[in-house]
Amino acid sequence: MSDKEMELLEGACLTLEQLCAAGAIERAWLVERVEAGLIPASGGRFAAAALVRVRRMREIERAYEAAPELAALVADLLEEMDALRARLARGR
Amino acid sequence: MEFKDYYKILGVERDAATEAIKTAYRKLARKYHPDVSKEKDASERMKEVNEAWAVLGDPEKRAAYDRLGAGPQPGQDFRPPPDWDQGFEYSGGERGFSPEEAAGFSDFFSEIFGRMGRGGAAGTGGFSRARAGEHHARILLDLEDSFTAPTRQISLQSPKVDDKGRLTLETRTLNVKIPRGIREGQMIRLAGQGAALRGERNPGDLLLEVGFRPHPRLVPDGRDLHTTIPVAPWEAALGAVVPVDLPDSTVNVRIPAGAEPGRQLRVRGKGLPSDPPGDLYFDIRIVAPPAETPKAREAWETLKSESQFDPRKEWRARA
């Protein structure tokens, strides 16, 4: 595989289309939540972590017919838990 | 093919009302949520519960499923009767499950419901709507891979529609050259390697999200590495030089005299070999040697009588 075919992405690197495609989500669903400030974007682009966030939010919304704001709140808590678990691992 | 008893999976009676099924599903979805569940097989059970809900939560699918009866005796192979689904009209949709998720459901699901809408305008039914030319997967690397930049063979499963219109999981193998200095949270984009769910000529890109398997001593944090070095009390008091093995070298770490646990020290440029390279952060953990021999005991006694050290001074001073 040549270097041309492979690229390393980092930071806020994903476009809206890429995030929709990678997360298998509908554009309208994503746009609505980005406009409501529930999914952080920087200059219209998204970090890799947004993929995990949209997946979690979609699962919570689907399983509990939850309001998007509630799903975002759960995602916030899970992200904080991830950060604390990582901190715990570093302090071992 | 193994018959799936969706009622049993959700723990509901066959004549349960939709509301009762929904309640049962939500209870189990909470119990097996992969991010918080303490159950060992949480993600497998979650998949099963989602599959049961995709069927029993959908009136059309539930009616079709009920027509199959209670299934064969345990251990017996199951084959659906010919034309069992005649007269059912499916509107498609998997209760919000993506094609990737639906394709991860059992062979039973794929055989019974994967054919929905065949020959009709709906194509592959609910699976087609969210189809995407781009594909995403998470790959787990060893921390060493960031230093050695190996070529890794990765196996990916992606949904594919076969010639009978059924949705199945296709496994393919890719050789990926891991870039040196790679770190968690980065993504590798492979042009033209995405999923071609409906046989497009130009599949999209494949995005690989990078994660590391846990390393026994080193914990990555972006470009940096963290470790905790066990030291003897005298090494902390007098200072010491401790060799620390990194994946590509050994670095001699200088512990300063009077070092205390809980204070992070740094060795510049000894983190992941990114551009610029990260740093190695370390903390110390003081390990007290046991007073096993009379001589060791005597040494501790001497230290005790010579030292004015009060380990509980700060502790007592706390309001």
# chains A, B, ... in the order shown; residues from 1 in each chain; ligands from 1
$ interface_residues --of "chain A" --to "chain B" --cutoff "8 Å" --atoms "only C-alpha atoms" --output "list of chain:residue names"
A:Met1, A:Glu5, A:Met6, A:Glu7, A:Leu8, A:Leu9, A:Glu10, A:Gly11, A:Gln18, A:Ala21, A:Ala22, A:Gly23, A:Ala24, A:Ile25, A:Glu26, A:Ala48, A:Ala49, A:Arg62, A:Ala63, A:Tyr64, A:Leu78, A:Ala89, A:Arg90, A:Gly91, A:Arg92
$ select_by_dssp --residues "chain A" --states "alpha helix (DSSP H)" --output "NGL selection string"
:A and (16-23 or 27-35 or 49-64 or 68-90)
$ write_last_selection --atoms "C-alpha atoms" --output "mmCIF file, in the first residue's frame"
data_model
loop_
_atom_site.group_PDB
_atom_site.id
_atom_site.type_symbol
_atom_site.label_atom_id
_atom_site.label_comp_id
_atom_site.auth_asym_id
_atom_site.auth_seq_id
_atom_site.Cartn_x
_atom_site.Cartn_y
_atom_site.Cartn_z
ATOM 1 C CA LEU A 16 -19.842 15.664 8.840
ATOM 2 C CA GLU A 17 -20.140 13.201 5.971
ATOM 3 C CA GLN A 18 -17.278 11.066 7.258
ATOM 4 C CA LEU A 19 -18.760 10.964 10.749
ATOM 5 C CA CYS A 20 -22.189 9.989 9.367
ATOM 6 C CA ALA A 21 -20.657 7.275 7.234
ATOM 7 C CA ALA A 22 -18.300 5.900 9.870
ATOM 8 C CA GLY A 23 -20.979 5.865 12.570
ATOM 9 C CA ARG A 27 -27.181 13.222 8.399
ATOM 10 C CA ALA A 28 -30.340 14.911 9.733
ATOM 11 C CA TRP A 29 -29.957 13.164 13.110
ATOM 12 C CA LEU A 30 -26.375 14.384 13.422
ATOM 13 C CA VAL A 31 -26.984 17.945 12.181
ATOM 14 C CA GLU A 32 -29.818 18.415 14.666
ATOM 15 C CA ARG A 33 -27.589 17.387 17.590
ATOM 16 C CA VAL A 34 -24.588 19.392 16.439
ATOM 17 C CA GLU A 35 -26.748 22.507 16.098
ATOM 18 C CA ALA A 49 -13.826 10.678 20.013
ATOM 19 C CA ALA A 50 -17.055 12.028 18.446
ATOM 20 C CA LEU A 51 -17.556 8.607 16.865
ATOM 21 C CA VAL A 52 -17.816 6.914 20.245
ATOM 22 C CA ARG A 53 -20.037 9.743 21.486
ATOM 23 C CA VAL A 54 -22.557 9.533 18.644
ATOM 24 C CA ARG A 55 -22.725 5.762 18.994
ATOM 25 C CA ARG A 56 -23.393 5.995 22.717
ATOM 26 C CA MET A 57 -25.996 8.729 22.261
ATOM 27 C CA ARG A 58 -27.794 6.817 19.549
ATOM 28 C CA GLU A 59 -27.935 3.669 21.697
ATOM 29 C CA ILE A 60 -29.321 5.532 24.708
ATOM 30 C CA GLU A 61 -31.894 7.370 22.589
ATOM 31 C CA ARG A 62 -32.956 4.148 20.924
ATOM 32 C CA ALA A 63 -33.123 1.874 23.963
ATOM 33 C CA TYR A 64 -34.979 4.309 26.224
ATOM 34 C CA PRO A 68 -31.211 13.845 22.881
ATOM 35 C CA GLU A 69 -30.215 16.073 25.825
ATOM 36 C CA LEU A 70 -30.502 13.120 28.225
ATOM 37 C CA ALA A 71 -28.457 10.895 25.893
ATOM 38 C CA ALA A 72 -25.810 13.672 25.736
ATOM 39 C CA LEU A 73 -25.790 13.873 29.538
ATOM 40 C CA VAL A 74 -25.194 10.106 29.764
ATOM 41 C CA ALA A 75 -22.431 10.425 27.147
ATOM 42 C CA ASP A 76 -20.840 13.251 29.218
ATOM 43 C CA LEU A 77 -20.840 11.008 32.298
ATOM 44 C CA LEU A 78 -19.400 8.045 30.400
ATOM 45 C CA GLU A 79 -16.649 10.278 28.970
ATOM 46 C CA GLU A 80 -15.812 11.529 32.442
ATOM 47 C CA MET A 81 -15.703 7.922 33.622
ATOM 48 C CA ASP A 82 -13.332 7.064 30.746
ATOM 49 C CA ALA A 83 -11.050 9.949 31.753
ATOM 50 C CA LEU A 84 -11.054 8.911 35.419
ATOM 51 C CA ARG A 85 -10.370 5.278 34.528
ATOM 52 C CA ALA A 86 -7.418 6.404 32.366
ATOM 53 C CA ARG A 87 -6.140 8.560 35.228
ATOM 54 C CA LEU A 88 -6.459 5.639 37.594
ATOM 55 C CA ALA A 89 -4.448 3.486 35.175
ATOM 56 C CA ARG A 90 -1.688 6.128 34.959
#
$ residues_around --residues "Asp66 in chain B" --least-positions-apart "6" --cutoff "10 Å" --atoms "only C-alpha atoms" --output "ChimeraX atom specification"
/B:14-15,56
$ write_last_selection --atoms "N, CA and C atoms" --output "short mmCIF file (atom, residue, chain, number, x, y, z; two decimals), in the first residue's frame"
data_model
loop_
_atom_site.label_atom_id
_atom_site.label_comp_id
_atom_site.auth_asym_id
_atom_site.auth_seq_id
_atom_site.Cartn_x
_atom_site.Cartn_y
_atom_site.Cartn_z
N ARG B 14 -44.91 -15.52 25.60
CA ARG B 14 -45.15 -15.36 24.16
C ARG B 14 -46.33 -14.44 23.85
N ASP B 15 -47.23 -14.29 24.83
CA ASP B 15 -48.38 -13.42 24.58
C ASP B 15 -48.21 -12.04 25.25
N LEU B 56 -39.01 -8.54 18.30
CA LEU B 56 -40.26 -8.52 19.08
C LEU B 56 -40.82 -7.11 19.26
#
